[in-house]
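Asker: Just so it is clear, I am handing over work00.pdb, which has PDB, C-alpha atoms.
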```pdb
ATOM      1  CA  MET A 166    -115.623 264.998 255.221
ATOM      2  CA  THR A 167    -118.185 262.817 256.922
ATOM      3  CA  ALA A 168    -119.373 259.735 255.067
ATOM      4  CA  GLY A 169    -122.895 258.744 255.932
ATOM      5  CA  TYR A 170    -126.427 257.956 254.900
ATOM      6  CA  CYS A 171    -128.368 260.454 252.776
ATOM      7  CA  ALA A 172    -132.019 260.434 253.839
ATOM      8  CA  TRP A 173    -133.166 261.856 250.490
ATOM      9  CA  HIS A 174    -131.681 259.441 247.971
ATOM     10  CA  GLN A 175    -131.649 256.732 250.669
ATOM     11  CA  GLY A 176    -128.079 255.597 250.192
ATOM     12  CA  MET A 177    -124.523 256.103 251.380
ATOM     13  CA  ALA A 178    -122.529 259.185 250.366
ATOM     14  CA  ASP A 179    -118.894 260.264 250.783
ATOM     15  CA  ASP A 180    -119.901 263.462 252.610
ATOM     16  CA  VAL A 181    -123.179 264.469 254.234
ATOM     17  CA  ALA A 182    -124.462 267.408 256.284
ATOM     18  CA  LEU A 183    -127.165 267.605 258.944
ATOM     19  CA  ILE A 184    -130.124 269.301 257.247
ATOM     20  CA  ILE A 185    -133.140 268.643 259.470
ATOM     21  CA  ILE A 186    -133.218 268.360 263.271
ATOM     22  CA  HIS A 187    -136.189 266.578 264.832
ATOM     23  CA  GLU A 188    -137.075 267.788 268.323
ATOM     24  CA  GLN A 189    -138.791 265.235 270.531
ATOM     25  CA  GLY A 190    -139.626 267.114 273.697
ATOM     26  CA  SER A 191    -138.178 265.267 276.673
ATOM     27  CA  GLY A 192    -136.791 262.376 274.617
ATOM     28  CA  ALA A 193    -133.770 262.153 272.403
ATOM     29  CA  GLY A 194    -134.001 264.129 269.185
ATOM     30  CA  GLY A 195    -132.844 263.017 265.790
ATOM     31  CA  GLY A 196    -131.791 264.385 262.476
ATOM     32  CA  GLU A 197    -131.636 263.775 258.764
ATOM     33  CA  TYR A 198    -128.506 264.122 256.665
ATOM     34  CA  ALA A 199    -128.131 264.848 252.950
ATOM     35  CA  CYS A 200    -125.337 264.580 250.388
ATOM     36  CA  LEU A 201    -124.427 267.646 248.321
ATOM     37  CA  PRO A 202    -126.560 266.880 245.228
ATOM     38  CA  CYS A 203    -129.635 266.285 247.387
ATOM     39  CA  ALA A 204    -128.836 269.201 249.708
ATOM     40  CA  ARG A 205    -128.496 271.619 246.777
ATOM     41  CA  ALA A 206    -132.045 270.782 245.738
ATOM     42  CA  LEU A 207    -133.232 271.374 249.324
ATOM     43  CA  ALA A 208    -131.421 274.726 249.623
ATOM     44  CA  HIS A 209    -133.953 276.431 247.380
ATOM     45  CA  GLN A 210    -137.032 275.344 249.312
ATOM     46  CA  TRP A 211    -138.691 278.022 251.427
ATOM     47  CA  THR A 212    -138.787 275.654 254.409
ATOM     48  CA  THR A 213    -134.993 275.265 254.579
ATOM     49  CA  SER A 214    -133.658 276.895 257.756
ATOM     50  CA  PRO A 215    -130.751 279.362 257.788
ATOM     51  CA  GLY A 216    -128.707 276.783 259.732
ATOM     52  CA  ALA A 217    -129.346 274.153 257.078
ATOM     53  CA  LYS A 218    -128.355 276.615 254.350
ATOM     54  CA  GLN A 219    -125.060 277.240 256.191
ATOM     55  CA  ALA A 220    -124.482 273.488 256.472
ATOM     56  CA  ILE A 221    -125.127 273.092 252.743
ATOM     57  CA  ALA A 222    -122.643 275.890 251.939
ATOM     58  CA  ALA A 223    -120.006 274.245 254.166
ATOM     59  CA  LEU A 224    -120.663 270.897 252.478
ATOM     60  CA  ALA A 225    -120.199 272.496 249.055
ATOM     61  CA  LYS A 226    -116.864 273.997 250.161
ATOM     62  CA  ARG A 227    -115.634 270.633 251.461
ATOM     63  CA  VAL A 228    -116.591 268.894 248.224
ATOM     64  CA  ALA A 229    -114.893 271.602 246.112
ATOM     65  CA  ALA A 230    -111.716 271.340 248.218
ATOM     66  CA  ALA A 231    -111.675 267.550 247.881
ATOM     67  CA  GLU A 232    -112.158 267.782 244.117
ATOM     68  CA  ALA A 233    -109.316 270.323 243.889
ATOM     69  CA  ARG A 234    -107.002 268.029 245.865
ATOM     70  CA  GLU A 235    -107.867 265.096 243.596
ATOM     71  CA  ALA A 236    -107.140 267.200 240.525
ATOM     72  CA  GLY A 237    -103.776 268.230 241.986
ATOM     73  CA  ARG A 238    -104.675 271.905 242.159
ATOM     74  CA  VAL A 239    -103.922 272.211 245.876
TER      75      VAL A 239
END
```
Now that the file is in, can you turn its structure into structure tokens?
Answerer:
Amino acid sequence: MTAGYCAWHQGMADDVALIIIHEQGSGAGGGEYACLPCARALAHQWTTSPGAKQAIAALAKRVAAAEAREAGRV
């Protein structure tokens, strides 16, 4: 899990995934990260890239695994 800043709800989250990559030509690029609730909403937009959809699926798996560990199921 990677704690970080969610660009969509503009706050910290326990786990985030890189959703958007900003290319800047010859300069350094950047990116925007989202937590699972925000990322799930983004997953259904037609502009969401296949890479972002894979990142969202991986984020969902990590969150489910963490919830299972907390519940003592694993």
Asker: Show me, as a PyMOL selection string, the residues that have an atom within 12 Å of A:Tyr198 when counting only C-alpha atoms, minus same-chain residues fewer than 4 positions from it.
Answerer: chain A and resi 167-187+202-204+207+217+220-221+224
Asker: Kindly give the distance, in Å, that separates atom CA of A:Ala222 and atom CA of A:Gln210, rounded to a single decimal.
Answerer: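 We find that atom CA of A:Ala222 and atom CA of A:Gln210 lie 14.6 Å from each other.
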Asker: In Å, rounded to a single decimal, give me how far atom CA of A:Lys218 is from atom CA of A:Ala206.
Answerer: 11.0 Å
Asker: Calculate how many Å separate atom CA of A:Leu201 from atom CA of A:Ala233, rounding to one decimal.
Answerer: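 Answer for the atom CA of A:Leu201 to atom CA of A:Ala233 separation: 16.0 Å.
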Asker: Missing atoms in stretch 195-206 of chain A: can you complete it with all heavy atoms, as a PDB file, in the coordinates of the input?
Answerer:
```pdb
ATOM      1  N   GLY A 195    -133.471 263.708 266.910  1.00  0.00           N
ATOM      2  CA  GLY A 195    -132.844 263.017 265.790  1.00  0.00           C
ATOM      3  C   GLY A 195    -132.596 263.998 264.670  1.00  0.00           C
ATOM      4  O   GLY A 195    -132.897 265.192 264.786  1.00  0.00           O
ATOM      5  N   GLY A 196    -132.051 263.517 263.608  1.00  0.00           N
ATOM      6  CA  GLY A 196    -131.791 264.385 262.476  1.00  0.00           C
ATOM      7  C   GLY A 196    -131.710 263.619 261.179  1.00  0.00           C
ATOM      8  O   GLY A 196    -131.627 262.393 261.174  1.00  0.00           O
ATOM      9  N   GLU A 197    -131.766 264.372 260.094  1.00  0.00           N
ATOM     10  CA  GLU A 197    -131.636 263.775 258.764  1.00  0.00           C
ATOM     11  C   GLU A 197    -130.493 264.459 258.052  1.00  0.00           C
ATOM     12  O   GLU A 197    -130.343 265.678 258.088  1.00  0.00           O
ATOM     13  CB  GLU A 197    -132.937 263.925 257.980  1.00  0.00           C
ATOM     14  CG  GLU A 197    -134.064 263.104 258.588  1.00  0.00           C
ATOM     15  CD  GLU A 197    -135.308 263.105 257.734  1.00  0.00           C
ATOM     16  OE1 GLU A 197    -135.202 262.862 256.517  1.00  0.00           O
ATOM     17  OE2 GLU A 197    -136.378 263.366 258.296  1.00  0.00           O
ATOM     18  N   TYR A 198    -129.687 263.648 257.369  1.00  0.00           N
ATOM     19  CA  TYR A 198    -128.506 264.122 256.665  1.00  0.00           C
ATOM     20  C   TYR A 198    -128.722 264.005 255.163  1.00  0.00           C
ATOM     21  O   TYR A 198    -129.492 263.162 254.701  1.00  0.00           O
ATOM     22  CB  TYR A 198    -127.296 263.276 257.063  1.00  0.00           C
ATOM     23  CG  TYR A 198    -126.896 263.464 258.499  1.00  0.00           C
ATOM     24  CD1 TYR A 198    -127.594 262.840 259.529  1.00  0.00           C
ATOM     25  CD2 TYR A 198    -125.823 264.269 258.839  1.00  0.00           C
ATOM     26  CE1 TYR A 198    -127.229 263.015 260.849  1.00  0.00           C
ATOM     27  CE2 TYR A 198    -125.449 264.454 260.159  1.00  0.00           C
ATOM     28  CZ  TYR A 198    -126.154 263.818 261.155  1.00  0.00           C
ATOM     29  OH  TYR A 198    -125.790 264.005 262.460  1.00  0.00           O
ATOM     30  N   ALA A 199    -128.028 264.872 254.412  1.00  0.00           N
ATOM     31  CA  ALA A 199    -128.131 264.848 252.950  1.00  0.00           C
ATOM     32  C   ALA A 199    -126.751 265.008 252.331  1.00  0.00           C
ATOM     33  O   ALA A 199    -125.885 265.686 252.888  1.00  0.00           O
ATOM     34  CB  ALA A 199    -129.044 265.962 252.458  1.00  0.00           C
ATOM     35  N   CYS A 200    -126.555 264.392 251.170  1.00  0.00           N
ATOM     36  CA  CYS A 200    -125.337 264.580 250.388  1.00  0.00           C
ATOM     37  C   CYS A 200    -125.472 265.900 249.614  1.00  0.00           C
ATOM     38  O   CYS A 200    -126.549 266.499 249.576  1.00  0.00           O
ATOM     39  CB  CYS A 200    -125.132 263.409 249.432  1.00  0.00           C
ATOM     40  SG  CYS A 200    -126.426 263.246 248.171  1.00  0.00           S
ATOM     41  N   LEU A 201    -124.386 266.348 248.992  1.00  0.00           N
ATOM     42  CA  LEU A 201    -124.427 267.646 248.321  1.00  0.00           C
ATOM     43  C   LEU A 201    -125.459 267.720 247.198  1.00  0.00           C
ATOM     44  O   LEU A 201    -126.216 268.688 247.139  1.00  0.00           O
ATOM     45  CB  LEU A 201    -123.040 268.036 247.814  1.00  0.00           C
ATOM     46  CG  LEU A 201    -122.957 269.416 247.177  1.00  0.00           C
ATOM     47  CD1 LEU A 201    -123.411 270.506 248.140  1.00  0.00           C
ATOM     48  CD2 LEU A 201    -121.552 269.695 246.691  1.00  0.00           C
ATOM     49  N   PRO A 202    -125.544 266.746 246.285  1.00  0.00           N
ATOM     50  CA  PRO A 202    -126.560 266.880 245.228  1.00  0.00           C
ATOM     51  C   PRO A 202    -127.987 266.997 245.787  1.00  0.00           C
ATOM     52  O   PRO A 202    -128.774 267.831 245.323  1.00  0.00           O
ATOM     53  CB  PRO A 202    -126.395 265.598 244.398  1.00  0.00           C
ATOM     54  CG  PRO A 202    -124.974 265.201 244.622  1.00  0.00           C
ATOM     55  CD  PRO A 202    -124.684 265.572 246.054  1.00  0.00           C
ATOM     56  N   CYS A 203    -128.295 266.207 246.791  1.00  0.00           N
ATOM     57  CA  CYS A 203    -129.635 266.285 247.387  1.00  0.00           C
ATOM     58  C   CYS A 203    -129.802 267.577 248.175  1.00  0.00           C
ATOM     59  O   CYS A 203    -130.860 268.216 248.123  1.00  0.00           O
ATOM     60  CB  CYS A 203    -129.886 265.077 248.286  1.00  0.00           C
ATOM     61  SG  CYS A 203    -129.990 263.506 247.380  1.00  0.00           S
ATOM     62  N   ALA A 204    -128.765 267.981 248.898  1.00  0.00           N
ATOM     63  CA  ALA A 204    -128.836 269.201 249.708  1.00  0.00           C
ATOM     64  C   ALA A 204    -129.005 270.436 248.835  1.00  0.00           C
ATOM     65  O   ALA A 204    -129.717 271.366 249.208  1.00  0.00           O
ATOM     66  CB  ALA A 204    -127.581 269.334 250.566  1.00  0.00           C
ATOM     67  N   ARG A 205    -128.339 270.463 247.679  1.00  0.00           N
ATOM     68  CA  ARG A 205    -128.496 271.619 246.777  1.00  0.00           C
ATOM     69  C   ARG A 205    -129.945 271.796 246.360  1.00  0.00           C
ATOM     70  O   ARG A 205    -130.440 272.913 246.280  1.00  0.00           O
ATOM     71  CB  ARG A 205    -127.605 271.454 245.549  1.00  0.00           C
ATOM     72  CG  ARG A 205    -126.182 271.818 245.812  1.00  0.00           C
ATOM     73  CD  ARG A 205    -125.369 271.800 244.544  1.00  0.00           C
ATOM     74  NE  ARG A 205    -124.024 272.263 244.801  1.00  0.00           N
ATOM     75  CZ  ARG A 205    -122.956 271.812 244.183  1.00  0.00           C
ATOM     76  NH1 ARG A 205    -123.072 270.867 243.263  1.00  0.00           N
ATOM     77  NH2 ARG A 205    -121.774 272.291 244.467  1.00  0.00           N
ATOM     78  N   ALA A 206    -130.624 270.698 246.106  1.00  0.00           N
ATOM     79  CA  ALA A 206    -132.045 270.782 245.738  1.00  0.00           C
ATOM     80  C   ALA A 206    -132.873 271.301 246.911  1.00  0.00           C
ATOM     81  O   ALA A 206    -133.821 272.066 246.723  1.00  0.00           O
ATOM     82  CB  ALA A 206    -132.545 269.410 245.302  1.00  0.00           C
TER      83      ALA A 206
END
```
